[in-house]
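Chemist: My structure is in entry-v1.txt, and what it holds is compact mmCIF, C-alpha atoms:
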# COMPACT_ATOMS: atom_id res chain seq x y z
CA MET D 909 -167.54 -126.08 -32.20
CA GLU D 910 -166.14 -126.68 -35.70
CA ALA D 911 -166.62 -123.00 -36.60
CA ARG D 912 -164.81 -121.89 -33.43
CA ILE D 913 -161.85 -124.20 -34.17
CA ARG D 914 -161.76 -122.91 -37.75
CA ALA D 915 -161.66 -119.30 -36.50
CA ARG D 916 -158.77 -120.09 -34.16
CA VAL D 917 -156.83 -121.84 -36.95
CA ASN D 918 -157.34 -118.89 -39.30
CA LEU D 919 -156.18 -116.44 -36.63
CA ALA D 920 -153.12 -118.58 -35.89
CA LEU D 921 -152.23 -118.75 -39.59
CA THR D 922 -152.64 -114.99 -39.79
CA PHE D 923 -150.30 -114.56 -36.82
CA PHE D 924 -147.53 -116.68 -38.36
CA ALA D 925 -147.94 -115.00 -41.75
CA LEU D 926 -147.54 -111.61 -40.10
CA LEU D 927 -144.40 -112.78 -38.29
CA PHE D 928 -142.98 -113.87 -41.64
CA PHE D 929 -143.88 -110.52 -43.19
CA VAL D 930 -142.29 -108.46 -40.41
CA ALA D 931 -139.06 -110.39 -40.84
CA GLY D 932 -138.97 -110.17 -44.61
CA SER D 933 -140.37 -106.84 -45.85
CA SER D 934 -140.39 -103.11 -45.18
CA PRO D 935 -143.65 -101.53 -43.95
CA PRO D 936 -144.25 -97.80 -44.52
CA ARG D 937 -142.24 -95.76 -42.00
CA GLN D 938 -143.33 -92.21 -42.80
CA PHE D 939 -145.57 -92.12 -39.72
CA VAL D 940 -145.27 -93.26 -36.12
CA ILE D 941 -148.26 -93.78 -33.81
CA SER D 942 -147.25 -92.15 -30.52
CA ASN D 943 -150.48 -93.22 -28.80
CA ALA D 944 -153.40 -95.44 -29.79
CA GLU D 945 -156.61 -96.12 -27.87
CA ARG D 946 -159.21 -98.59 -29.03
CA ARG D 947 -162.70 -98.91 -27.49
CA ILE D 948 -164.81 -101.90 -28.56
CA ASP D 949 -168.52 -101.92 -27.67
CA LEU D 950 -170.02 -105.43 -27.57
CA SER D 951 -173.37 -104.35 -26.08
CA SER D 952 -175.37 -105.57 -29.07
CA HIS D 953 -174.89 -107.79 -32.13
CA ILE D 954 -173.58 -104.75 -34.04
CA ILE D 955 -170.04 -103.92 -32.92
CA ASN D 956 -168.84 -100.33 -32.77
CA LEU D 957 -165.07 -99.92 -32.60
CA HIS D 958 -163.68 -96.46 -31.88
CA LEU D 959 -159.97 -96.00 -32.59
CA THR D 960 -158.10 -92.85 -31.55
CA LEU D 961 -154.63 -92.36 -33.05
CA LYS D 962 -152.04 -89.69 -32.38
CA VAL D 963 -149.99 -89.73 -35.57
CA GLU D 964 -146.53 -88.19 -35.91
CA ASN D 965 -144.63 -87.57 -39.14
CA ALA D 966 -141.27 -89.20 -38.45
CA GLY D 967 -140.06 -88.76 -42.02
CA THR D 968 -138.20 -85.93 -43.69
CA ARG D 969 -140.94 -84.86 -46.12
CA PRO D 970 -144.57 -83.71 -45.74
CA ALA D 971 -147.13 -86.53 -45.86
CA SER D 972 -150.92 -86.55 -46.07
CA GLU D 973 -151.96 -90.22 -46.30
CA VAL D 974 -152.34 -92.43 -43.21
CA VAL D 975 -152.88 -96.16 -43.79
CA LEU D 976 -155.16 -98.36 -41.68
CA ALA D 977 -154.90 -102.16 -41.59
CA LEU D 978 -157.61 -104.73 -40.84
CA THR D 979 -157.44 -108.45 -40.09
CA PRO D 980 -159.12 -110.90 -42.50
CA THR D 981 -161.93 -111.51 -39.98
CA GLU D 982 -162.60 -107.78 -39.67
CA VAL D 983 -162.65 -107.43 -43.45
CA ASP D 984 -165.31 -110.13 -43.79
CA HIS D 985 -167.65 -108.37 -41.34
CA LEU D 986 -166.90 -104.69 -41.97
CA ALA D 987 -170.05 -102.63 -42.58
CA MET D 988 -168.56 -99.12 -42.58
CA VAL D 989 -165.46 -97.10 -41.73
CA ASP D 990 -165.34 -93.38 -40.98
CA ALA D 991 -162.49 -91.05 -39.96
CA SER D 992 -162.14 -87.53 -38.56
CA ALA D 993 -159.32 -85.19 -37.56
CA ILE D 994 -159.60 -83.75 -34.04
CA LYS D 995 -158.40 -80.23 -33.29
CA GLY D 996 -158.17 -78.51 -29.90
CA LYS D 997 -158.26 -79.93 -26.37
CA ARG D 998 -160.98 -81.17 -24.02
CA LYS D 999 -164.28 -79.27 -24.39
CA LYS D 1000 -162.96 -76.98 -27.13
CA THR D 1001 -162.32 -79.71 -29.67
CA THR D 1002 -163.58 -79.61 -33.25
CA SER D 1003 -163.97 -82.50 -35.64
CA LEU D 1004 -163.26 -82.48 -39.38
CA ARG D 1005 -164.48 -85.46 -41.38
CA LEU D 1006 -161.83 -86.94 -43.67
CA GLU D 1007 -161.98 -88.97 -46.85
CA VAL D 1008 -161.33 -92.70 -46.44
CA LYS D 1009 -160.75 -95.05 -49.37
CA PRO D 1010 -159.67 -98.68 -49.81
CA THR D 1011 -156.06 -98.98 -50.87
CA GLU D 1012 -153.25 -101.45 -51.48
CA LEU D 1013 -149.67 -101.56 -50.24
CA PRO D 1014 -146.91 -102.75 -52.58
CA ASP D 1015 -145.21 -104.54 -49.68
CA ALA D 1016 -148.40 -105.90 -48.11
CA PRO D 1017 -148.10 -109.08 -46.01
CA PRO D 1018 -148.88 -112.37 -47.79
CA ILE D 1019 -152.36 -112.65 -46.24
CA ASP D 1020 -155.81 -111.32 -47.02
CA THR D 1021 -155.34 -108.04 -45.14
CA LYS D 1022 -157.40 -105.01 -46.14
CA TYR D 1023 -156.03 -101.49 -46.15
CA PHE D 1024 -157.72 -98.11 -46.06
CA THR D 1025 -156.12 -94.72 -46.60
CA ILE D 1026 -157.14 -91.65 -44.62
CA TYR D 1027 -156.50 -88.47 -46.61
CA LEU D 1028 -155.54 -85.59 -44.31
CA ALA D 1029 -156.96 -82.14 -45.06
CA ASN D 1030 -153.44 -80.66 -44.87
CA PRO D 1031 -150.10 -82.47 -45.15
CA LEU D 1032 -148.17 -83.05 -41.94
CA ASN D 1033 -144.66 -81.62 -42.04
CA SER D 1034 -141.72 -83.46 -40.54
CA GLY D 1035 -142.07 -83.59 -36.74
CA GLU D 1036 -145.74 -82.50 -36.71
CA SER D 1037 -148.56 -84.60 -35.26
CA THR D 1038 -152.34 -84.87 -35.50
CA THR D 1039 -155.10 -86.80 -33.73
CA LEU D 1040 -157.42 -89.02 -35.75
CA GLU D 1041 -160.63 -90.73 -34.69
CA VAL D 1042 -161.74 -93.77 -36.66
CA LEU D 1043 -165.08 -95.56 -36.37
CA TYR D 1044 -165.49 -99.15 -37.56
CA VAL D 1045 -168.88 -100.88 -37.56
CA PHE D 1046 -168.97 -104.68 -37.82
CA THR D 1047 -171.95 -107.00 -38.32
CA HIS D 1048 -172.33 -110.81 -37.97
CA PHE D 1049 -169.08 -110.76 -35.99
CA LEU D 1050 -170.16 -112.46 -32.75
CA GLU D 1051 -170.32 -116.26 -32.72
CA PRO D 1052 -173.09 -117.85 -30.61
CA PHE D 1053 -171.61 -120.61 -28.43
CA PRO D 1054 -173.31 -122.87 -27.77
CA ALA D 1055 -175.00 -122.57 -31.15
CA GLU D 1056 -178.29 -123.91 -29.74
CA ILE D 1057 -179.93 -123.02 -26.42
CA ALA D 1058 -183.09 -124.01 -24.58
CA GLN D 1059 -185.88 -121.54 -23.94
CA SER D 1060 -184.75 -120.95 -20.33
CA GLU D 1061 -181.05 -120.44 -21.16
CA SER D 1062 -179.19 -117.19 -21.74
CA GLN D 1063 -177.26 -116.61 -24.95
CA LEU D 1064 -173.45 -116.82 -24.84
CA VAL D 1065 -171.23 -115.57 -27.65
CA PHE D 1066 -167.56 -115.50 -28.61
CA TYR D 1067 -165.70 -112.39 -29.71
CA HIS D 1068 -162.34 -113.00 -31.42
CA ASP D 1069 -159.76 -110.24 -31.84
CA THR D 1070 -156.17 -109.30 -31.09
CA ALA D 1071 -154.99 -107.50 -27.96
CA LEU D 1072 -152.55 -105.50 -30.08
CA ILE D 1073 -153.72 -103.10 -32.78
CA LEU D 1074 -152.83 -104.28 -36.27
CA SER D 1075 -151.00 -101.41 -37.98
CA PRO D 1076 -148.31 -100.90 -40.64
CA TYR D 1077 -146.71 -98.35 -38.28
CA HIS D 1078 -144.68 -98.58 -35.10
CA ILE D 1079 -146.93 -97.89 -32.08
CA LYS D 1080 -145.21 -96.36 -29.06
CA GLN D 1081 -148.12 -96.89 -26.65
CA GLN D 1082 -151.53 -98.52 -27.03
CA THR D 1083 -154.51 -99.55 -24.92
CA THR D 1084 -157.66 -101.51 -25.76
CA PHE D 1085 -160.95 -101.38 -23.82
CA ILE D 1086 -163.65 -104.01 -24.42
CA LYS D 1087 -167.14 -103.32 -23.06
CA THR D 1088 -169.53 -106.25 -22.51
CA PRO D 1089 -173.33 -105.98 -21.98
CA SER D 1090 -173.09 -107.30 -18.41
CA THR D 1091 -170.61 -108.65 -15.87
CA LYS D 1092 -171.39 -112.24 -16.90
CA VAL D 1093 -168.15 -113.19 -18.67
CA GLU D 1094 -167.41 -116.90 -18.97
CA SER D 1095 -163.77 -116.51 -19.95
CA PHE D 1096 -161.29 -114.25 -21.71
CA ILE D 1097 -157.64 -114.50 -22.74
CA ARG D 1098 -155.18 -112.37 -20.81
CA MET D 1099 -152.14 -110.59 -22.17
CA GLU D 1100 -150.48 -108.79 -19.31
CA PRO D 1101 -151.17 -106.15 -18.29
CA THR D 1102 -154.87 -107.04 -18.42
CA ASN D 1103 -157.50 -105.77 -16.00
CA ARG D 1104 -161.24 -106.36 -15.71
CA VAL D 1105 -163.55 -104.05 -13.76
CA GLY D 1106 -167.33 -104.45 -14.03
CA THR D 1107 -168.34 -104.66 -17.68
CA GLU D 1108 -164.97 -103.48 -19.02
CA ILE D 1109 -161.82 -105.43 -19.90
CA LYS D 1110 -158.66 -103.38 -20.33
CA TYR D 1111 -155.69 -104.61 -22.36
CA GLY D 1112 -152.54 -102.60 -21.89
CA PRO D 1113 -150.97 -100.19 -21.99
CA TYR D 1114 -148.42 -101.89 -24.24
CA GLU D 1115 -145.33 -100.01 -25.34
CA ASP D 1116 -143.05 -99.98 -28.38
CA ARG D 1117 -144.76 -102.56 -30.59
CA PRO D 1118 -143.34 -102.99 -34.11
CA PRO D 1119 -145.51 -102.89 -37.25
CA TYR D 1120 -147.96 -105.76 -37.76
CA SER D 1121 -147.79 -106.99 -34.16
CA ILE D 1122 -150.81 -109.02 -33.04
CA SER D 1123 -151.75 -111.23 -30.08
CA PRO D 1124 -154.93 -113.33 -30.57
CA ILE D 1125 -157.55 -113.12 -27.81
CA HIS D 1126 -161.19 -114.08 -27.29
CA VAL D 1127 -163.96 -113.10 -24.90
CA HIS D 1128 -166.80 -115.54 -24.09
CA PHE D 1129 -169.69 -113.64 -22.54
CA GLU D 1130 -173.45 -113.36 -22.13
CA ASN D 1131 -175.24 -111.24 -24.72
CA ASN D 1132 -179.03 -111.34 -24.71
CA SER D 1133 -179.54 -108.35 -26.98
CA PRO D 1134 -181.90 -109.01 -29.93
CA PHE D 1135 -179.92 -110.40 -32.88
CA ALA D 1136 -182.54 -109.12 -35.32
CA VAL D 1137 -181.45 -109.20 -38.97
CA VAL D 1138 -183.46 -108.13 -42.01
CA GLU D 1139 -182.56 -110.59 -44.76
CA GLU D 1140 -184.76 -108.91 -47.34
CA LEU D 1141 -186.65 -105.62 -47.50
CA VAL D 1142 -189.06 -104.63 -50.25
CA GLN D 1143 -190.52 -101.11 -50.24
CA GLU D 1144 -193.56 -100.30 -52.37
CA ILE D 1145 -194.49 -96.67 -52.99
CA GLU D 1146 -197.84 -95.84 -54.58
CA ILE D 1147 -198.65 -92.33 -55.79
CA SER D 1148 -202.26 -91.68 -56.69
CA HIS D 1149 -203.57 -89.27 -59.32
CA TRP D 1150 -204.65 -86.99 -56.49
CA GLY D 1151 -201.17 -86.71 -55.00
CA ASN D 1152 -201.62 -89.17 -52.12
CA ILE D 1153 -198.61 -91.34 -51.26
CA GLN D 1154 -198.81 -94.79 -49.70
CA VAL D 1155 -195.68 -96.63 -48.56
CA THR D 1156 -195.71 -100.36 -47.79
CA GLU D 1157 -192.66 -102.25 -46.54
CA HIS D 1158 -192.21 -106.03 -46.51
CA TYR D 1159 -189.56 -107.44 -44.16
CA LYS D 1160 -188.01 -110.90 -44.09
CA LEU D 1161 -186.77 -110.95 -40.51
CA ILE D 1162 -184.65 -113.59 -38.74
CA HIS D 1163 -182.98 -114.07 -35.35
CA ALA D 1164 -179.26 -114.44 -36.14
CA GLY D 1165 -178.26 -115.55 -32.64
CA ALA D 1166 -178.29 -118.99 -31.04
CA ARG D 1167 -180.95 -121.34 -32.40
CA HIS D 1168 -183.76 -122.60 -30.18
CA LYS D 1169 -183.68 -126.26 -29.14
CA GLY D 1170 -186.29 -128.38 -27.44
CA VAL D 1171 -189.98 -127.65 -26.94
CA PHE D 1172 -191.28 -124.08 -26.96
CA SER D 1173 -193.71 -123.17 -24.16
CA ARG D 1174 -195.93 -120.19 -24.89
CA VAL D 1175 -197.16 -120.17 -21.26
CA ASP D 1176 -193.63 -119.89 -19.82
CA TYR D 1177 -192.66 -117.32 -22.43
CA GLN D 1178 -195.58 -115.06 -21.52
CA SER D 1179 -195.58 -115.55 -17.73
CA ARG D 1180 -191.83 -115.72 -17.02
CA GLN D 1181 -190.32 -113.20 -19.39
CA SER D 1182 -187.30 -112.49 -17.18
CA SER D 1183 -186.10 -116.10 -17.30
CA ASN D 1184 -187.54 -117.40 -20.57
CA GLY D 1185 -186.48 -116.33 -24.03
CA ALA D 1186 -184.01 -113.77 -22.68
CA SER D 1187 -182.35 -113.36 -26.08
CA SER D 1188 -185.60 -113.24 -28.07
CA PHE D 1189 -187.10 -110.03 -29.41
CA ARG D 1190 -190.77 -109.23 -28.92
CA TYR D 1191 -190.95 -106.16 -31.13
CA VAL D 1192 -188.95 -104.34 -33.81
CA ARG D 1193 -188.42 -100.60 -33.97
CA ILE D 1194 -188.88 -99.07 -37.39
CA VAL D 1195 -187.34 -95.63 -37.97
Represent the supplied structure as structure tokens.
Modeler:
Amino acid sequence: MEARIRARVNLALTFFALLFFVAGSSPPRQFVISNAERRIDLSSHIINLHLTLKVENAGTRPASEVVLALTPTEVDHLAMVDASAIKGKRKKTTSLRLEVKPTELPDAPPIDTKYFTIYLANPLNSGESTTLEVLYVFTHFLEPFPAEIAQSESQLVFYHDTALILSPYHIKQQTTFIKTPSTKVESFIRMEPTNRVGTEIKYGPYEDRPPYSISPIHVHFENNSPFAVVEELVQEIEISHWGNIQVTEHYKLIHAGARHKGVFSRVDYQSRQSSNGASSFRYVRIV
């Protein structure tokens, strides 16, 4: 409970800091995002976030660097970021991978926000546009709540985010889709227009949002996927004089989800697998 309150306080402080920044500084205005679509997959404990941006050069000179912004929470749990430029339409599209590097903005807001620069293959002239696809992967992002569950209980987790996409650019139109593992959603914060159908929650479309706009939200839902985490991995490779190779791997494996409380029953676990230990993992796949 204390961790959840702390997360809400941090997000609230971030929100007020961003309001202060918008009022008192000048974000980069070379680009305008004419359309942004964000798809967040919460099916497992590893979160995949796909962001599609249609970027227009609203300036008077060619430009080749597009800046991405992340919230402090996203920065803490970011595992990787990847970007590509999309050419063509529908089935005839091609993808060109682009270089992405951490960067800093001279007029950055007074909070711990992280920036990345996407380097376009060719500069965009004034009035031109391009479509970018960005993939973020986050780990240890979901918060088990309650933090402890009995053997017969399902695992519930919190996902904290913002309904609006954090960006240093003006966004003309944006939509966010959040996919949950099942239809069992305890609660979620609405920001109209908001719509939920099956396992998907749709935020938006929202129009004409200024730079650094955010609106904190959370989703409390059931997630019984295995929260398997390798804390330590040691690989030993032995090469004999005859050219034989032997590989041995030692794993220190933990369950990073809700902790077990109460008495564990091996009989119930084996005989009633559908209702006992739903969030446990019985095997690990090694690739």
Chemist: Can you tell me which residues surround Asp984 of chain D at a distance of at most 10 Å, considering all atoms listed in the file, apart from same-chain residues fewer than 6 positions away, and format the answer as a PyMOL selection string?
Modeler: chain D and resi 978+1022+1046-1049
Chemist: If I take atom CA of Ala977 of chain D and atom CA of Phe1096 of chain D, how far is one from the other in Å, to one decimal?
Modeler: 24.1 Å
Chemist: Of the residues D:Glu1157, D:Thr968, D:Ser1060, D:Val940, which is the one nearest to Val1171 of chain D, using all atoms listed in the file?
Modeler: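 Of all the options, D:Ser1060 lies closest to Val1171 of chain D.
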Chemist: Taking into account all atoms listed in the file, which residue in the set D:His1126, D:Phe1085, D:Glu1036, D:Leu976 is nearest to Arg1098 of chain D?
Modeler: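 Comparing D:His1126, D:Phe1085, D:Glu1036, D:Leu976 against Arg1098 of chain D, the winner is D:His1126.
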Chemist: Let me make sure I understand: among D:Gly996, D:Pro1113, D:Pro1010, D:Pro1076, which one has the smallest atom-to-atom distance to Thr1039 of chain D if we use all atoms listed in the file?
Modeler: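 Distance minimum relative to Thr1039 of chain D lands on D:Gly996.
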Chemist: Between D:Arg969, D:Lys1009, D:Lys1110, D:Arg1167, which one has atoms that come closest to Ile1086 of chain D, using only C-alpha atoms?
Modeler: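 The answer is D:Lys1110, which sits nearest to Ile1086 of chain D.
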Chemist: By how many Å are atom CA of Thr1038 of chain D and atom CA of Thr1002 of chain D apart?
Modeler: 12.6 Å
Chemist: Go through segment 1100-1123 of chain D residue by residue and, counting only C-alpha atoms, keep those with an atom at most 10 Å from segment 943-956 of chain D; for each kept residue give the shortest atom pair and its distance in Å to one decimal, ordered by chain and increasing number, as a tab-separated table.
Modeler:
residue	atom	partner	partner_atom	distance
D:Thr1107	CA	D:Ser951	CA	9.8
D:Glu1108	CA	D:Asp949	CA	9.5
D:Ile1109	CA	D:Ile948	CA	9.8
D:Lys1110	CA	D:Arg947	CA	9.4
D:Tyr1111	CA	D:Arg946	CA	9.6
D:Gly1112	CA	D:Glu945	CA	9.7
D:Pro1113	CA	D:Glu945	CA	9.1
D:Tyr1114	CA	D:Ala944	CA	9.9
D:Glu1115	CA	D:Asn943	CA	9.2
Chemist: Ala1029 of chain D: which residues within 10 Å, counting all atoms listed in the file, same-chain residues fewer than 3 positions away excluded, as a ChimeraX atom specification?
Modeler: /D:972-973,992-993,1004-1007,1026,1032
Chemist: Can you tell me, as a PDB file with C-alpha atoms, keeping the file's coordinate frame, what residues are no more than 10 Å from Ser1037 of chain D when counting all atoms listed in the file, ignoring any on the same chain fewer than 4 positions away?
Modeler:
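New file around11.pdb:
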ATOM      1  CA  PHE D 939    -145.570 -92.120 -39.720  1.00  0.00           C
ATOM      2  CA  VAL D 940    -145.270 -93.260 -36.120  1.00  0.00           C
ATOM      3  CA  ILE D 941    -148.260 -93.780 -33.810  1.00  0.00           C
ATOM      4  CA  SER D 942    -147.250 -92.150 -30.520  1.00  0.00           C
ATOM      5  CA  LYS D 962    -152.040 -89.690 -32.380  1.00  0.00           C
ATOM      6  CA  VAL D 963    -149.990 -89.730 -35.570  1.00  0.00           C
ATOM      7  CA  GLU D 964    -146.530 -88.190 -35.910  1.00  0.00           C
ATOM      8  CA  ASN D 965    -144.630 -87.570 -39.140  1.00  0.00           C
ATOM      9  CA  ALA D 966    -141.270 -89.200 -38.450  1.00  0.00           C
ATOM     10  CA  LEU D1032    -148.170 -83.050 -41.940  1.00  0.00           C
ATOM     11  CA  ASN D1033    -144.660 -81.620 -42.040  1.00  0.00           C
TER      12      ASN D1033
END
Chemist: Ranking D:Pro1134, D:Pro1124, D:Pro1101, D:Gly1151 by minimum distance to Arg1193 of chain D and counting only C-alpha atoms, which one comes first?
Modeler: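 Under the stated criterion, the closest residue is D:Pro1134.
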Chemist: Considering only C-alpha atoms, can you say which of D:His1168, D:His985, D:His1149, D:Arg998 comes closest to Gln1063 of chain D?
Modeler: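 For Gln1063 of chain D, the nearest of the given residues is D:His1168.
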Chemist: How far is it from atom CA of Glu1041 of chain D to atom CA of Lys995 of chain D, in Å with one decimal?
Modeler: 10.8 Å
Chemist: Counting all atoms listed in the file, which residues sit no farther than 7 Å from the position (-181.1, -114.4, -36.0) in the file's frame? I'd like them as a PDB file with C-alpha atoms, keeping the file's coordinate frame.
Modeler:
ATOM      1  CA  PHE D1135    -179.920-110.400 -32.880  1.00  0.00           C
ATOM      2  CA  ALA D1136    -182.540-109.120 -35.320  1.00  0.00           C
ATOM      3  CA  VAL D1137    -181.450-109.200 -38.970  1.00  0.00           C
ATOM      4  CA  ILE D1162    -184.650-113.590 -38.740  1.00  0.00           C
ATOM      5  CA  HIS D1163    -182.980-114.070 -35.350  1.00  0.00           C
ATOM      6  CA  ALA D1164    -179.260-114.440 -36.140  1.00  0.00           C
ATOM      7  CA  GLY D1165    -178.260-115.550 -32.640  1.00  0.00           C
TER       8      GLY D1165
END
